[in-house]
$ cat protein_17.txt   # compact mmCIF, C-alpha atoms and all ligand atoms
# COMPACT_ATOMS: atom_id res chain seq x y z
CA MET A 1 63.81 101.95 57.35
CA PHE A 2 65.99 101.17 60.31
CA ASP A 3 67.67 97.88 60.93
CA VAL A 4 67.66 96.00 64.17
CA ASN A 5 71.21 95.92 65.42
CA VAL A 6 72.11 92.40 66.45
CA ASN A 7 75.81 92.99 66.96
CA VAL A 8 75.66 94.97 70.13
CA LYS A 9 76.36 92.12 72.48
CA ALA A 10 79.67 91.42 70.80
CA ARG A 11 80.43 95.10 70.88
CA MET A 12 79.57 95.22 74.58
CA LEU A 13 82.14 92.55 75.30
CA THR A 14 84.92 94.50 73.67
CA GLN A 15 84.23 97.96 74.92
CA THR A 16 85.97 99.23 77.98
CA ARG A 17 84.86 101.49 80.75
CA ALA A 18 83.37 104.59 79.23
CA ALA A 19 81.67 107.78 80.29
CA MET A 20 80.89 107.98 83.98
CA THR A 21 77.81 109.29 85.59
CA SER A 22 77.32 112.48 87.53
CA LEU A 23 76.06 112.98 91.02
CA PRO A 24 72.52 114.30 90.94
CA THR A 25 72.44 117.85 92.13
CA ASP A 26 69.81 120.45 92.23
CA ALA A 27 67.52 120.74 89.25
CA LEU A 28 63.92 119.77 88.67
CA ALA A 29 62.60 120.02 85.18
CA GLN A 30 59.82 117.55 84.59
CA PRO A 31 57.14 115.77 86.52
CA VAL A 32 58.26 112.23 86.88
CA GLN A 33 62.01 112.39 87.11
CA THR A 34 64.52 114.83 88.41
CA PRO A 35 67.02 115.75 85.69
CA LYS A 36 70.26 116.96 87.13
CA ARG A 37 72.94 119.01 85.49
CA ASP A 38 76.21 117.29 84.83
CA GLN A 39 78.96 117.71 87.35
CA THR A 40 82.33 116.14 87.80
CA PRO A 41 82.09 112.57 86.56
CA LEU A 42 82.23 109.92 89.24
CA SER A 43 83.84 106.56 88.84
CA GLY A 44 82.26 103.18 89.23
CA LEU A 45 79.80 102.98 86.35
CA ASN A 46 80.47 101.35 83.03
CA TYR A 47 78.41 102.03 79.91
CA PRO A 48 79.07 99.03 77.64
CA LEU A 49 77.34 100.63 74.67
CA GLN A 50 79.17 103.92 75.14
CA GLU A 51 77.29 106.61 73.20
CA GLN A 52 75.26 104.22 71.09
CA LEU A 53 71.48 104.76 71.23
CA PRO A 54 68.61 103.16 69.33
CA GLU A 55 67.16 105.50 66.74
CA LEU A 56 63.48 106.34 66.89
CA GLY A 57 61.57 103.45 65.36
CA SER A 58 64.45 101.02 65.68
CA ALA A 59 65.85 98.77 68.39
CA LEU A 60 69.19 97.62 69.76
CA GLU A 61 69.52 94.02 70.92
CA LEU A 62 71.29 94.02 74.30
CA ALA A 63 71.18 90.26 74.84
CA PRO A 64 69.47 87.48 72.88
CA GLY A 65 65.79 88.40 72.67
CA VAL A 66 66.15 91.61 74.74
CA PHE A 67 65.71 94.80 72.72
CA TRP A 68 66.10 98.45 73.74
CA LEU A 69 63.73 101.07 72.29
CA ARG A 70 63.88 104.78 72.96
CA MET A 71 60.93 107.16 72.56
CA GLY A 72 60.44 110.89 72.95
CA LEU A 73 58.86 112.68 75.91
CA PRO A 74 57.38 116.19 75.97
CA PHE A 75 59.39 117.15 79.07
CA ALA A 76 62.81 118.54 79.82
CA LEU A 77 63.70 114.88 80.27
CA ASN A 78 63.14 114.19 76.62
CA HIS A 79 63.23 110.41 76.29
CA ILE A 80 62.18 107.13 77.84
CA ASN A 81 63.67 103.68 77.33
CA LEU A 82 61.26 100.85 76.62
CA TRP A 83 62.06 97.17 76.25
CA LEU A 84 60.86 94.43 73.93
CA LEU A 85 61.38 90.86 75.09
CA ARG A 86 60.94 87.88 72.77
CA ASP A 87 58.19 85.74 74.18
CA ARG A 88 56.06 82.70 73.51
CA LEU A 89 52.77 81.93 75.24
CA PRO A 90 49.99 79.39 74.83
CA HIS A 91 47.29 80.66 72.50
CA PRO A 92 44.38 81.98 74.64
CA SER A 93 41.77 79.78 72.96
CA GLN A 94 44.04 76.83 71.98
CA PRO A 95 46.28 76.07 74.96
CA ASP A 96 48.17 73.37 73.05
CA VAL A 97 49.30 75.89 70.46
CA TRP A 98 52.21 78.11 71.34
CA GLN A 99 52.20 81.63 69.99
CA GLU A 100 55.47 83.38 69.21
CA GLY A 101 55.60 87.11 69.91
CA TRP A 102 56.79 89.81 72.26
CA THR A 103 56.34 91.28 75.71
CA ALA A 104 56.54 95.08 75.71
CA VAL A 105 57.88 96.60 78.93
CA ASP A 106 56.56 100.15 79.38
CA CYS A 107 54.79 102.15 76.72
CA GLY A 108 55.55 105.89 76.39
CA VAL A 109 53.03 108.73 76.75
CA ASP A 110 49.94 108.80 74.58
CA ASN A 111 50.61 111.34 71.85
CA PRO A 112 50.71 111.12 68.05
CA ALA A 113 54.51 110.99 67.88
CA THR A 114 54.76 108.01 70.22
CA ARG A 115 51.98 106.17 68.42
CA ARG A 116 53.88 106.73 65.15
CA ALA A 117 57.08 105.45 66.75
CA TRP A 118 55.31 102.26 67.84
CA GLU A 119 53.96 101.81 64.30
CA GLN A 120 57.53 102.02 63.04
CA ILE A 121 58.59 99.46 65.62
CA GLU A 122 55.83 97.20 64.38
CA GLN A 123 57.21 97.43 60.84
CA ASN A 124 60.91 97.36 61.64
CA VAL A 125 61.37 95.27 64.75
CA LEU A 126 58.49 92.91 65.52
CA GLN A 127 59.32 90.53 62.64
CA GLY A 128 55.63 90.11 61.90
CA LEU A 129 54.94 88.76 65.38
CA PRO A 130 52.32 90.11 67.80
CA ILE A 131 52.76 91.77 71.16
CA LEU A 132 51.47 89.06 73.50
CA ARG A 133 51.47 91.11 76.68
CA VAL A 134 52.20 94.61 77.93
CA LEU A 135 54.04 94.97 81.22
CA ALA A 136 54.22 98.33 83.02
CA THR A 137 56.84 98.93 85.71
CA HIS A 138 54.64 101.64 87.23
CA MET A 139 51.77 104.05 86.60
CA HIS A 140 53.59 107.26 85.66
CA PRO A 141 52.45 108.68 82.34
CA ASP A 142 55.66 108.04 80.41
CA HIS A 143 55.44 104.35 81.30
CA MET A 144 51.68 103.85 81.18
CA GLY A 145 50.31 106.30 78.59
CA LEU A 146 49.94 103.98 75.63
CA ALA A 147 49.22 100.78 77.55
CA HIS A 148 45.53 101.01 76.60
CA TRP A 149 46.39 101.47 72.93
CA LEU A 150 48.90 98.64 72.77
CA CYS A 151 46.61 96.29 74.72
CA GLU A 152 43.70 97.03 72.41
CA ARG A 153 45.77 96.92 69.24
CA TRP A 154 47.18 93.47 70.05
CA GLN A 155 44.40 92.11 72.28
CA ALA A 156 47.13 91.74 74.87
CA PRO A 157 46.74 91.71 78.65
CA LEU A 158 48.33 94.33 80.89
CA TRP A 159 50.68 93.08 83.62
CA MET A 160 51.50 95.38 86.53
CA SER A 161 51.21 95.57 90.31
CA THR A 162 47.72 96.18 91.62
CA SER A 163 48.68 99.31 93.57
CA GLU A 164 50.07 100.85 90.39
CA TYR A 165 47.08 99.73 88.33
CA GLN A 166 44.54 101.19 90.74
CA SER A 167 46.51 104.42 91.10
CA ALA A 168 46.54 104.74 87.31
CA LEU A 169 42.77 104.23 87.18
CA LEU A 170 42.21 106.94 89.79
CA ALA A 171 44.64 109.37 88.18
CA CYS A 172 43.10 108.79 84.79
CA HIS A 173 39.83 110.03 86.30
CA GLY A 174 41.46 113.15 87.71
CA LEU A 175 42.08 111.73 91.19
CA SER A 176 45.80 112.19 91.41
CA ASN A 177 48.39 114.15 93.31
CA PHE A 178 49.10 116.41 90.35
CA GLY A 179 46.42 119.05 91.06
CA GLY A 180 43.10 119.89 92.67
CA ASP A 181 42.07 121.18 96.09
CA PRO A 182 43.72 118.51 98.30
CA THR A 183 47.06 119.18 96.61
CA VAL A 184 46.64 122.93 97.09
CA ARG A 185 45.85 122.42 100.80
CA PHE A 186 48.89 120.16 101.17
CA PHE A 187 51.26 122.70 99.63
CA ASN A 188 49.67 125.52 101.61
CA ALA A 189 50.29 123.62 104.84
CA HIS A 190 53.95 123.34 103.85
CA GLY A 191 54.35 127.06 103.31
CA TRP A 192 53.59 127.62 99.62
CA LYS A 193 51.18 130.53 99.97
CA LYS A 194 51.30 132.45 96.70
CA ALA A 195 47.67 132.51 95.51
CA GLU A 196 48.38 132.76 91.79
CA ASP A 197 50.76 129.77 91.92
CA LEU A 198 48.24 127.71 93.84
CA ALA A 199 45.54 128.58 91.30
CA VAL A 200 47.76 126.98 88.64
CA VAL A 201 48.25 123.90 90.84
CA LYS A 202 44.51 123.64 91.38
CA SER A 203 43.89 123.60 87.64
CA ARG A 204 46.26 120.68 86.97
CA MET A 205 43.59 118.00 87.44
CA GLY A 206 43.81 117.11 83.77
CA TYR A 207 47.57 116.66 83.72
CA TYR A 208 47.67 112.86 84.02
CA PRO A 209 44.68 112.12 81.74
CA SER A 210 46.25 114.32 79.05
CA MET A 211 48.99 111.69 78.71
CA VAL A 212 47.07 108.61 79.93
CA PRO A 213 43.55 109.06 78.58
CA LYS A 214 42.54 105.46 79.25
CA VAL A 215 43.61 102.52 81.37
CA PRO A 216 42.92 98.92 80.28
CA ALA A 217 39.84 97.45 81.95
CA ALA A 218 41.75 94.60 83.61
CA HIS A 219 45.23 93.62 84.66
CA VAL A 220 47.34 90.63 85.66
CA ARG A 221 48.83 91.25 89.05
CA LEU A 222 52.58 91.44 89.56
CA MET A 223 53.83 90.80 93.07
CA SER A 224 57.20 91.04 94.75
CA GLY A 225 59.29 87.90 94.28
CA MET A 226 57.05 86.55 91.51
CA GLN A 227 58.88 84.87 88.66
CA ILE A 228 57.70 85.37 85.11
CA ARG A 229 58.84 83.27 82.21
CA ILE A 230 59.21 85.48 79.15
CA GLY A 231 60.47 83.47 76.20
CA GLU A 232 63.62 81.65 77.26
CA ARG A 233 64.20 83.85 80.29
CA LEU A 234 62.93 83.82 83.84
CA TRP A 235 62.49 87.29 85.31
CA GLN A 236 61.99 87.98 89.00
CA CYS A 237 59.83 90.92 90.15
CA ILE A 238 61.56 93.27 92.59
CA SER A 239 59.17 95.68 94.28
CA GLY A 240 60.27 99.25 94.89
CA TYR A 241 58.71 101.99 96.97
CA GLY A 242 59.10 105.74 97.37
CA HIS A 243 58.93 106.74 93.71
CA SER A 244 55.48 105.32 92.96
CA PRO A 245 53.01 103.09 94.81
CA GLU A 246 54.45 99.62 94.05
CA HIS A 247 57.03 99.78 91.29
CA MET A 248 58.25 96.51 89.79
CA ALA A 249 61.74 96.03 88.43
CA LEU A 250 62.62 92.78 86.65
CA LEU A 251 65.76 90.75 87.24
CA ASP A 252 67.15 87.92 85.13
CA ASP A 253 69.90 86.93 87.53
CA THR A 254 71.25 84.06 85.49
CA GLN A 255 71.96 86.39 82.60
CA GLN A 256 72.69 89.37 84.87
CA LEU A 257 70.14 91.72 83.36
CA MET A 258 67.89 94.06 85.31
CA ILE A 259 65.11 96.24 83.95
CA SER A 260 65.25 98.84 86.71
CA GLY A 261 62.43 101.17 85.60
CA ASP A 262 62.77 104.44 87.49
CA MET A 263 64.13 102.88 90.68
CA LEU A 264 67.78 102.97 89.61
CA LEU A 265 68.89 105.55 87.05
CA PRO A 266 72.48 106.27 86.01
CA SER A 267 72.70 110.05 85.78
CA ILE A 268 69.60 111.58 87.32
CA SER A 269 68.14 110.97 90.74
CA THR A 270 64.75 109.31 90.97
CA ASN A 271 62.01 111.67 92.05
CA VAL A 272 60.93 110.82 95.59
CA SER A 273 58.04 112.95 96.81
CA VAL A 274 55.46 113.20 99.54
CA TYR A 275 51.99 113.76 98.07
CA ALA A 276 48.69 115.03 99.40
CA MET A 277 47.21 111.52 99.50
CA GLU A 278 49.77 110.44 102.11
CA PRO A 279 51.00 113.67 103.73
CA ASP A 280 52.81 112.01 106.65
CA GLY A 281 54.46 109.40 104.42
CA ASN A 282 58.16 108.56 104.45
CA PRO A 283 58.90 107.80 100.79
CA LEU A 284 62.60 108.67 101.00
CA GLN A 285 63.14 106.01 103.65
CA HIS A 286 61.11 103.56 101.55
CA PHE A 287 63.18 104.41 98.48
CA LEU A 288 66.49 103.92 100.29
CA ASP A 289 65.24 100.65 101.80
CA SER A 290 64.17 99.47 98.34
CA LEU A 291 67.66 100.08 96.98
CA ASP A 292 68.94 97.55 99.53
CA LYS A 293 67.37 94.83 97.39
CA MET A 294 69.62 95.82 94.49
CA GLN A 295 72.75 96.44 96.53
CA GLN A 296 74.10 92.91 96.19
CA LEU A 297 73.82 92.66 92.41
CA PRO A 298 77.11 91.69 90.77
CA ASP A 299 78.93 94.63 89.19
CA SER A 300 78.60 92.93 85.84
CA THR A 301 74.77 93.07 85.94
CA LEU A 302 73.57 95.19 83.04
CA VAL A 303 71.07 97.68 84.50
CA MET A 304 68.49 98.75 81.92
CA PRO A 305 67.04 102.03 83.24
CA SER A 306 64.01 103.97 81.99
CA HIS A 307 66.11 107.09 81.40
CA GLY A 308 69.75 107.36 80.39
CA ARG A 309 71.91 104.53 79.10
CA PRO A 310 72.23 100.89 80.20
CA PHE A 311 75.07 100.59 82.68
CA GLN A 312 77.02 98.27 84.91
CA GLY A 313 77.90 99.12 88.51
CA ALA A 314 74.60 99.02 90.41
CA ALA A 315 76.28 99.07 93.84
CA ALA A 316 78.39 102.11 92.95
CA ARG A 317 75.36 103.98 91.69
CA ILE A 318 73.38 103.12 94.83
CA ALA A 319 76.25 104.42 96.95
CA GLN A 320 76.21 107.71 95.00
CA LEU A 321 72.46 108.08 95.50
CA ARG A 322 72.71 107.36 99.20
CA SER A 323 75.45 109.93 99.73
CA HIS A 324 73.49 112.47 97.70
CA HIS A 325 70.45 112.11 99.95
CA VAL A 326 72.51 111.99 103.16
CA GLU A 327 74.20 115.24 102.13
CA ARG A 328 70.82 116.92 101.66
CA LEU A 329 69.52 115.57 104.94
CA GLU A 330 72.54 116.90 106.86
CA GLU A 331 72.14 120.31 105.22
CA LEU A 332 68.55 120.40 106.40
CA VAL A 333 69.48 119.43 109.96
CA ILE A 334 71.93 122.35 110.05
CA ALA A 335 69.46 124.79 108.46
CA CYS A 336 66.68 123.87 110.91
CA SER A 337 68.97 124.18 113.93
CA THR A 338 68.79 127.96 114.10
CA GLN A 339 65.10 128.44 113.33
CA ALA A 340 62.00 126.39 112.58
CA LEU A 341 61.59 126.13 108.80
CA CYS A 342 58.84 124.94 106.50
CA ALA A 343 59.32 122.98 103.26
CA HIS A 344 58.88 126.10 101.14
CA ASP A 345 61.63 127.84 103.14
CA VAL A 346 64.17 125.12 102.33
CA LEU A 347 63.60 124.98 98.57
CA PRO A 348 66.54 127.33 97.81
CA LEU A 349 68.75 125.14 99.95
CA ILE A 350 67.93 121.98 98.03
CA PHE A 351 67.29 123.40 94.56
CA LYS A 352 69.86 126.05 93.84
CA ARG A 353 68.15 127.74 90.93
CA ALA A 354 64.85 129.45 90.15
CA LEU A 355 61.89 127.10 89.75
CA ASP A 356 58.70 127.73 87.84
CA VAL A 357 55.34 126.68 89.26
CA HIS A 358 55.43 123.27 87.60
CA GLN A 359 58.92 122.53 88.89
CA THR A 360 58.02 123.87 92.33
CA THR A 361 55.29 121.25 92.72
CA PHE A 362 57.87 118.48 92.43
CA ALA A 363 60.49 120.35 94.42
CA MET A 364 57.99 120.76 97.26
CA GLY A 365 57.22 117.04 97.24
CA GLU A 366 60.93 116.22 97.44
CA ALA A 367 61.56 118.80 100.18
CA VAL A 368 58.76 117.34 102.31
CA ALA A 369 60.15 113.84 101.67
CA HIS A 370 63.48 114.86 103.19
CA LEU A 371 61.89 116.74 106.09
CA ASN A 372 59.48 113.91 106.86
CA LEU A 373 62.33 111.39 107.01
CA LEU A 374 64.15 113.56 109.53
CA TRP A 375 60.97 114.18 111.51
CA LEU A 376 59.94 110.50 111.57
CA SER A 377 63.44 109.43 112.60
CA GLY A 378 63.44 111.85 115.53
CA ARG A 379 66.02 114.33 114.25
CA LEU A 380 63.54 117.18 113.63
CA SER A 381 60.41 118.19 115.49
CA ARG A 382 57.33 119.22 113.53
CA GLU A 383 54.75 121.72 114.69
CA GLN A 384 52.01 123.72 113.04
CA ASP A 385 52.29 127.48 113.55
CA ALA A 386 49.37 129.89 113.98
CA ALA A 387 48.86 130.02 110.20
CA GLY A 388 48.63 126.22 110.02
CA THR A 389 52.07 125.84 108.41
CA TYR A 390 54.22 122.85 109.34
CA ARG A 391 57.59 123.98 110.71
CA PHE A 392 60.52 121.70 111.38
CA LYS A 393 63.18 122.30 114.02
CA THR A 394 66.34 120.34 114.78
CA LEU A 395 66.20 118.36 118.00
CA ALA A 396 69.20 118.07 120.26
CA PRO A 397 70.86 114.66 119.91
CA GLN A 398 69.79 112.24 122.63
CA SER A 399 72.55 111.83 125.13
CA SER A 400 73.64 108.23 125.57
CA ALA A 401 74.92 108.97 129.09
CA LYS A 402 72.53 107.85 131.77
CA PRO A 403 71.55 110.38 134.41
CA THR A 404 73.47 109.76 137.59
CA GLY A 405 70.71 110.92 139.90
CA ASP A 406 73.18 112.98 141.90
ZN ZN B 501 58.29 107.16 87.33
$ encode --input "protein_17.txt" --output "structure tokens"
Amino acid sequence: MFDVNVNVKARMLTQTRAAMTSLPTDALAQPVQTPKRDQTPLSGLNYPLQEQLPELGSALELAPGVFWLRMGLPFALNHINLWLLRDRLPHPSQPDVWQEGWTAVDCGVDNPATRRAWEQIEQNVLQGLPILRVLATHMHPDHMGLAHWLCERWQAPLWMSTSEYQSALLACHGLSNFGGDPTVRFFNAHGWKKAEDLAVVKSRMGYYPSMVPKVPAAHVRLMSGMQIRIGERLWQCISGYGHSPEHMALLDDTQQLMISGDMLLPSISTNVSVYAMEPDGNPLQHFLDSLDKMQQLPDSTLVMPSHGRPFQGAAARIAQLRSHHVERLEELVIACSTQALCAHDVLPLIFKRALDVHQTTFAMGEAVAHLNLLWLSGRLSREQDAAGTYRFKTLAPQSSAKPTGD
């Protein structure tokens, strides 16, 4: 048995600035996120809980009624943070009767180990109360996998944005960006030509359904700016783009808490990829624009991310992420100034180690995201060569001097 730790808040108040984060660098190891090896620590982030983590099957209370759970993932990124929020809602069939219970935020992948972990949570943390609703920040398998199971188990509705919900439904039926012919054609057009690699990509149609076998039949729609009362707290939805179709973070600004999902992570950079379904998309610009909404948060806001540890210092972290991407973009402008390059050509520049096929799929998406931003902002040209491959070339800066006409 594990005990719920209710003393963390007091501990948070007494602990001083602890381990700092590291600038994301060059590694890709799993499908949803981009784990990065540690480098020189950077200042600006504070981890109030220091090294403390909730054990599997237990929870840490970060603020009254806000609990942190941590579950395993079968990736190089080996964990996800989930959140349990104390809630009370009118009984569905007796509106005058209030039901005490919980809102679960994000779910973990569907596998036996995660189901067991939830059963432990039920015994050790829920205090005999039901889960009244399940809220998913976005459709990626580590967040969405067990939504169907939790919703059925507790007869609870699923709350998420409609774009995420519909994308999950499609992906669950094999219509995703993880594999299949359109994805192969997309990578081919960006210079990934090796037939045996592309055969592996083609066969990945079952990747998403292997972790999200079902999606609940209905959802309650979350929209940007919407306020949701969960127990004693009022949470505001903050939409985020570039990582997934319409990600929702949750902000309790009176208590300075933010459930950031995958939009703001302390020590790894959020995966931002172009996919076959929107090949001319500009997700990196959308991602950077989305971070603007979090830029003004007070430094004392406790950011509760889906991976890594809760931290304070949102603005500092956003500044690190921006400089990381700007650095990559400038490297690409220089590389494309001497010859026209395709996305596959620039992989070694962005990811400075060998990548397997699985990692290459995500590296390619990220490389195209950077190239598309430069192309769409007029810094690179894009042309298809005779083999149908998109090649990017640096454009000369526009002169601000007006022609004299002489
Ligand atoms: Zn994600």
$ residues_near_ligand --input "protein_17.txt" --ligand "ligand ZN 501 (chain B)" --cutoff "8 Å" --atoms "only C-alpha atoms and all ligand atoms" --output "PyMOL selection string"
chain A and resi 32-33+138-143+243-244+261-263+270-271
$ closest_residue --input "protein_17.txt" --among "A:Gln320, A:Gln384, A:Thr394, A:Asn124" --to "A:Gly191" --atoms "only C-alpha atoms"
A:Gln384
$ closest_residue --input "protein_17.txt" --among "A:Val357, A:Val184, A:Leu234, A:Leu302" --to "A:Met277" --atoms "all atoms listed in the file"
A:Val184
$ residues_around --input "protein_17.txt" --residues "stretch 103-106 of chain A" --least-positions-apart "3" --cutoff "7 Å" --atoms "all atoms listed in the file" --output "VMD selection string"
chain A and resid 82 to 87 131 to 137 143 to 144
$ closest_residue --input "protein_17.txt" --among "A:Gly388, A:Asp289, A:Ser93, A:Arg379" --to "A:Arg322" --atoms "all atoms listed in the file"
A:Asp289
$ axis_aligned_box --input "protein_17.txt" --around "stretch 126-145 of chain A" --padding-each-side "4 Å" --output "AutoDock Vina command-line options"
--center_x 54.8 --center_y 98.7 --center_z 74.6 --size_x 17.0 --size_y 27.9 --size_z 33.3
$ closest_residue --input "protein_17.txt" --among "A:Leu347, A:Ala386, A:Leu150, A:Val326" --to "A:Lys214" --atoms "only C-alpha atoms"
A:Leu150
$ residues_around --input "protein_17.txt" --residues "stretch 196-198 of chain A" --least-positions-apart "5" --cutoff "12 Å" --atoms "all atoms listed in the file" --output "list in words"
Phe178, Gly179, Gly180, Asp181, Pro182, Thr183, Val184, Arg185, Phe186, Phe187, Asn188, Ala189, Gly191, Ser203, Arg204, Leu355, Asp356, Val357, His358, Gln359, Thr360 and Thr361 of chain A
$ write_last_selection --input "protein_17.txt" --atoms "C-alpha atoms" --output "mmCIF file, keeping the file's coordinate frame"
data_model
loop_
_atom_site.group_PDB
_atom_site.id
_atom_site.type_symbol
_atom_site.label_atom_id
_atom_site.label_comp_id
_atom_site.auth_asym_id
_atom_site.auth_seq_id
_atom_site.Cartn_x
_atom_site.Cartn_y
_atom_site.Cartn_z
ATOM 1 C CA PHE A 178 49.100 116.410 90.350
ATOM 2 C CA GLY A 179 46.420 119.050 91.060
ATOM 3 C CA GLY A 180 43.100 119.890 92.670
ATOM 4 C CA ASP A 181 42.070 121.180 96.090
ATOM 5 C CA PRO A 182 43.720 118.510 98.300
ATOM 6 C CA THR A 183 47.060 119.180 96.610
ATOM 7 C CA VAL A 184 46.640 122.930 97.090
ATOM 8 C CA ARG A 185 45.850 122.420 100.800
ATOM 9 C CA PHE A 186 48.890 120.160 101.170
ATOM 10 C CA PHE A 187 51.260 122.700 99.630
ATOM 11 C CA ASN A 188 49.670 125.520 101.610
ATOM 12 C CA ALA A 189 50.290 123.620 104.840
ATOM 13 C CA GLY A 191 54.350 127.060 103.310
ATOM 14 C CA SER A 203 43.890 123.600 87.640
ATOM 15 C CA ARG A 204 46.260 120.680 86.970
ATOM 16 C CA LEU A 355 61.890 127.100 89.750
ATOM 17 C CA ASP A 356 58.700 127.730 87.840
ATOM 18 C CA VAL A 357 55.340 126.680 89.260
ATOM 19 C CA HIS A 358 55.430 123.270 87.600
ATOM 20 C CA GLN A 359 58.920 122.530 88.890
ATOM 21 C CA THR A 360 58.020 123.870 92.330
ATOM 22 C CA THR A 361 55.290 121.250 92.720
#
$ atom_distance --input "protein_17.txt" --atom1 "atom CA of A:Leu126" --atom2 "atom CA of A:Ala59"
9.8 Å
